[in-house]
Amino acid sequence: MPQILTKAIDTVHRNKHKFFEDHGEEGMEAEKRALSFFSKLRNEMQTDKPIILLTDNQPDTDFWNQYLHYQKSLLKDAEQPSWFKSPWLYVECYMYRRIQEGFILSPPISEFDVFREVKNESFFQSQAAIIGLCTYLQDLKKKIAQFTENQKQEEFFKLLQVCLWGNKCDLSISGGLDNAQKSSILNSLESLKPFVLVNDMESVWTILLGSKESETGKGVKKRVDIVLDNAGFELLTDFVLADVLLSFKLASEVHFHGKCMPWFVSDTTKHDFDWTIKQLLAANHKWMSKCGANWKENLHKNYWTYHEHLFWTLPHEFSSMAQTAPDLYSELQKSDLVIFKGDLNYRKLTGDRKWEFAVSFPQALTKFHPAPLCSIRTLKADVQVGLKSGVGEQLSSTEPDWMVTGKYGIIQLCASV
Ligand SMILES: O=P(O)(O)OC[C@@]1(O)O[C@H](CO)[C@@H](O)[C@@H]1O
Ligand SMILES: [Mn+2]
């Protein structure tokens with residue numbers, strides 16, 4: 001976290017001239033204000049100061065401040081939540097929210113996304129893998145009419161796994177350093193199979209076909225939601241999956257959910273989402289630009305919809321969503337399948353608790369079940385449930401860091417509770 005914050009400070013500093021160009025002297029003043037805010041923040045973090053209230057009067061400020069009171073209520077009388085002692089999930093989210101506060105309190109540069117440069121770079125560095133994937137998809141779509149159900153299933157499974165391994169490419173685990181996808185994942189899927197510790201692809205397929213039975217004269221009405229994680233290569237894999245869901249008629253609408261502020265370095269915001277499609281459209285490569293054009297049209301025709309909600313950037317675990325964000329919960333209840341991408345979402349699904357490895361996924365969800373849901377994540381944090389007896393223990397003894405390197409992955413479904 002200090003490394004990420006230090007990089008953010010450096011980025012603000014390097015953009016001084018841009019702030020001047022955009023806003024004149026006021027921009028320079030704002031840069032100074034933001035920098036002194038961030039230096040203070042870094043000091044609070046590194047010296048284990050108490051967590052303090054937010055002061056920026058944003059729509060989520062009260063939620064954050066109430067959450068601090070709640071954290072305090074869990075401690076003994078004189079104890080204070082602080083950077084080293086509070087739950088990691090909370091403190092980590094809090095750092096990103098404080099960075100946002102630093103910009104909010106520094107107009108006119110409040111809208112500055114300090115992680116945009118690295119997100120965009122990571123997209124360009126994954127160019128070869130992106131071309132490979134776009135080409136594969138367009139080729140696949142030409143053949144759909146001839147596909148048997150089995151072939152469709154096989155292709156869908158492939159792209160689901162691509163979507164999984166795409167989650168290796170986040171920039172917060174690498175401390176904001178280059179973590180792009182350099183090679184084609186499609187050729188490595190077989191050799192990666194042993195690292196998929198929970199593989200519920202068959203049941204995901206059954207769920208998606210199941211809703212096909214509700215086919216009426218008007219065609220299928222099936223909704224899949226994707227709670228997005230990282231921009232860059234991972235977002236591309238999500239787009240490809242969403243495209244195949246429509247092309248294979250496994251869904252009639254796909255709803256994406258993104259972050260409404262820069263988050264965990266590489267997480268997708270509305271700007272990243274739109275920027276990615278624009279880049280594809282403008283690319284000097286036939287199949288990339290074809291993907292861009294198709295996906296723009298999907299959005300235009302409302303086959304694809306992008307949603308934002310503040311809940312995704314709160315520190316709350318998802319079991320509190322029904323209470324904290326009932327509107328979002330009822331939105332997800334409209335879905336036939338909600339796909340949660342990435343490690344942070346898994347931590348929030350399971351409350352980031354020290355569950356036994358063999359505890360069931362439904363149990364760890366602690367009543368969170370707006371709809372059938374599936375987590376697709378590579379393991380980067382020390383929480384994992386739903387493993388066959390002994391598997392986690394065995395891995396812990398042979399590979400002590402098996403949970404935090406992104407080497408292993410899961411496609412884990414909870415169909416009902
Ligand atoms: O949600 P993602 O993008 O898959 O992963 C984010 C993440 O790996 O980054 C941090 C590593 O420092 C962890 O807190 C977190 O789980
Ligand atoms: Mn992320």
# chains A, B, ... in the order shown; residues from 1 in each chain; ligands from 1
call {"tool": "select_by_dssp", "arguments": {"residues": "stretch 7-203 of chain A", "states": "helix (DSSP H, G or I)", "output": "PyMOL selection string"}}
result
chain A and resi 7-14+16-23+25-46+61-73+88-104+116-125+127-146+149-168+185-195+201-203
call {"tool": "residues_around", "arguments": {"residues": "A:Val196", "least_positions_apart": "3", "cutoff": "6 Å", "atoms": "only C-alpha atoms", "output": "ChimeraX atom specification"}}
result
/A:193,408-410
call {"tool": "closest_residue", "arguments": {"among": "A:Leu246, A:Leu208, A:Val227, A:Leu281", "to": "ligand 2", "atoms": "only C-alpha atoms and all ligand atoms"}}
result
A:Val227
call {"tool": "residues_around", "arguments": {"residues": "A:Val383", "least_positions_apart": "4", "cutoff": "8 Å", "atoms": "only C-alpha atoms", "output": "list of chain:residue names"}}
result
A:Arg347, A:Thr350, A:Asp352, A:Arg353, A:Lys354, A:Trp355, A:Met403
call {"tool": "residues_near_ligand", "arguments": {"ligand": "ligand 2", "cutoff": "10 Å", "atoms": "only C-alpha atoms and all ligand atoms", "output": "number ranges by chain"}}
result
A: 167-173, 228-231, 234, 263-268, 341-345
call {"tool": "write_last_selection", "arguments": {"atoms": "C-alpha atoms", "output": "PDB file, in the first residue's frame"}}
result
ATOM      1  CA  ASN A 167      -7.835 -11.830 -13.604  1.00  0.00           C
ATOM      2  CA  LYS A 168      -4.129 -12.400 -13.112  1.00  0.00           C
ATOM      3  CA  CYS A 169      -3.583  -9.005 -14.736  1.00  0.00           C
ATOM      4  CA  ASP A 170      -4.388  -6.640 -11.881  1.00  0.00           C
ATOM      5  CA  LEU A 171      -2.132  -3.790 -10.998  1.00  0.00           C
ATOM      6  CA  SER A 172      -2.671  -3.616  -7.243  1.00  0.00           C
ATOM      7  CA  ILE A 173      -1.055  -6.985  -6.551  1.00  0.00           C
ATOM      8  CA  LEU A 228     -16.405  -6.101 -13.229  1.00  0.00           C
ATOM      9  CA  ASP A 229     -12.915  -6.033 -11.831  1.00  0.00           C
ATOM     10  CA  ASN A 230      -9.841  -4.812 -13.696  1.00  0.00           C
ATOM     11  CA  ALA A 231      -9.582  -2.718 -16.837  1.00  0.00           C
ATOM     12  CA  GLU A 234      -9.218  -8.633 -18.026  1.00  0.00           C
ATOM     13  CA  TRP A 263     -10.156   1.794  -7.117  1.00  0.00           C
ATOM     14  CA  PHE A 264      -7.462  -0.809  -6.325  1.00  0.00           C
ATOM     15  CA  VAL A 265      -5.345   0.718  -9.093  1.00  0.00           C
ATOM     16  CA  SER A 266      -6.731  -1.155 -12.058  1.00  0.00           C
ATOM     17  CA  ASP A 267     -10.471  -1.478 -11.391  1.00  0.00           C
ATOM     18  CA  THR A 268     -12.813  -0.440 -14.195  1.00  0.00           C
ATOM     19  CA  LYS A 341     -14.962 -11.051 -11.224  1.00  0.00           C
ATOM     20  CA  GLY A 342     -11.775 -10.957  -9.243  1.00  0.00           C
ATOM     21  CA  ASP A 343     -10.197 -11.364  -5.881  1.00  0.00           C
ATOM     22  CA  LEU A 344     -11.564  -8.341  -4.083  1.00  0.00           C
ATOM     23  CA  ASN A 345     -15.127  -9.377  -4.937  1.00  0.00           C
TER      24      ASN A 345
END
call {"tool": "atom_distance", "arguments": {"atom1": "atom CA of A:Tyr346", "atom2": "atom CA of A:Val391"}}
result
18.9 Å
call {"tool": "closest_residue", "arguments": {"among": "A:Tyr329, A:Phe38, A:Phe340, A:Phe239", "to": "A:Phe103", "atoms": "only C-alpha atoms"}}
result
A:Phe38
call {"tool": "residues_around", "arguments": {"residues": "A:Pro262", "least_positions_apart": "4", "cutoff": "9 Å", "atoms": "only C-alpha atoms", "output": "list in words"}}
result
Tyr96, Arg97, Ile99, Gln100, Asp113, Val114, Phe115, Arg116, Ser266, Asp267, Thr268 and Thr269 of chain A
call {"tool": "closest_residue", "arguments": {"among": "A:Val12, A:Leu395, A:Met1, A:Leu245", "to": "ligand 1", "atoms": "only C-alpha atoms and all ligand atoms"}}
result
A:Met1
call {"tool": "atom_distance", "arguments": {"atom1": "atom CA of A:Glu79", "atom2": "atom 13 (C, counted along the ligand's line) of ligand 1"}}
result
26.0 Å
call {"tool": "residues_around", "arguments": {"residues": "A:Phe311", "least_positions_apart": "5", "cutoff": "12 Å", "atoms": "only C-alpha atoms", "output": "number ranges by chain"}}
result
A: 59-61, 63-64, 93, 227, 257-261, 316-329, 345, 348
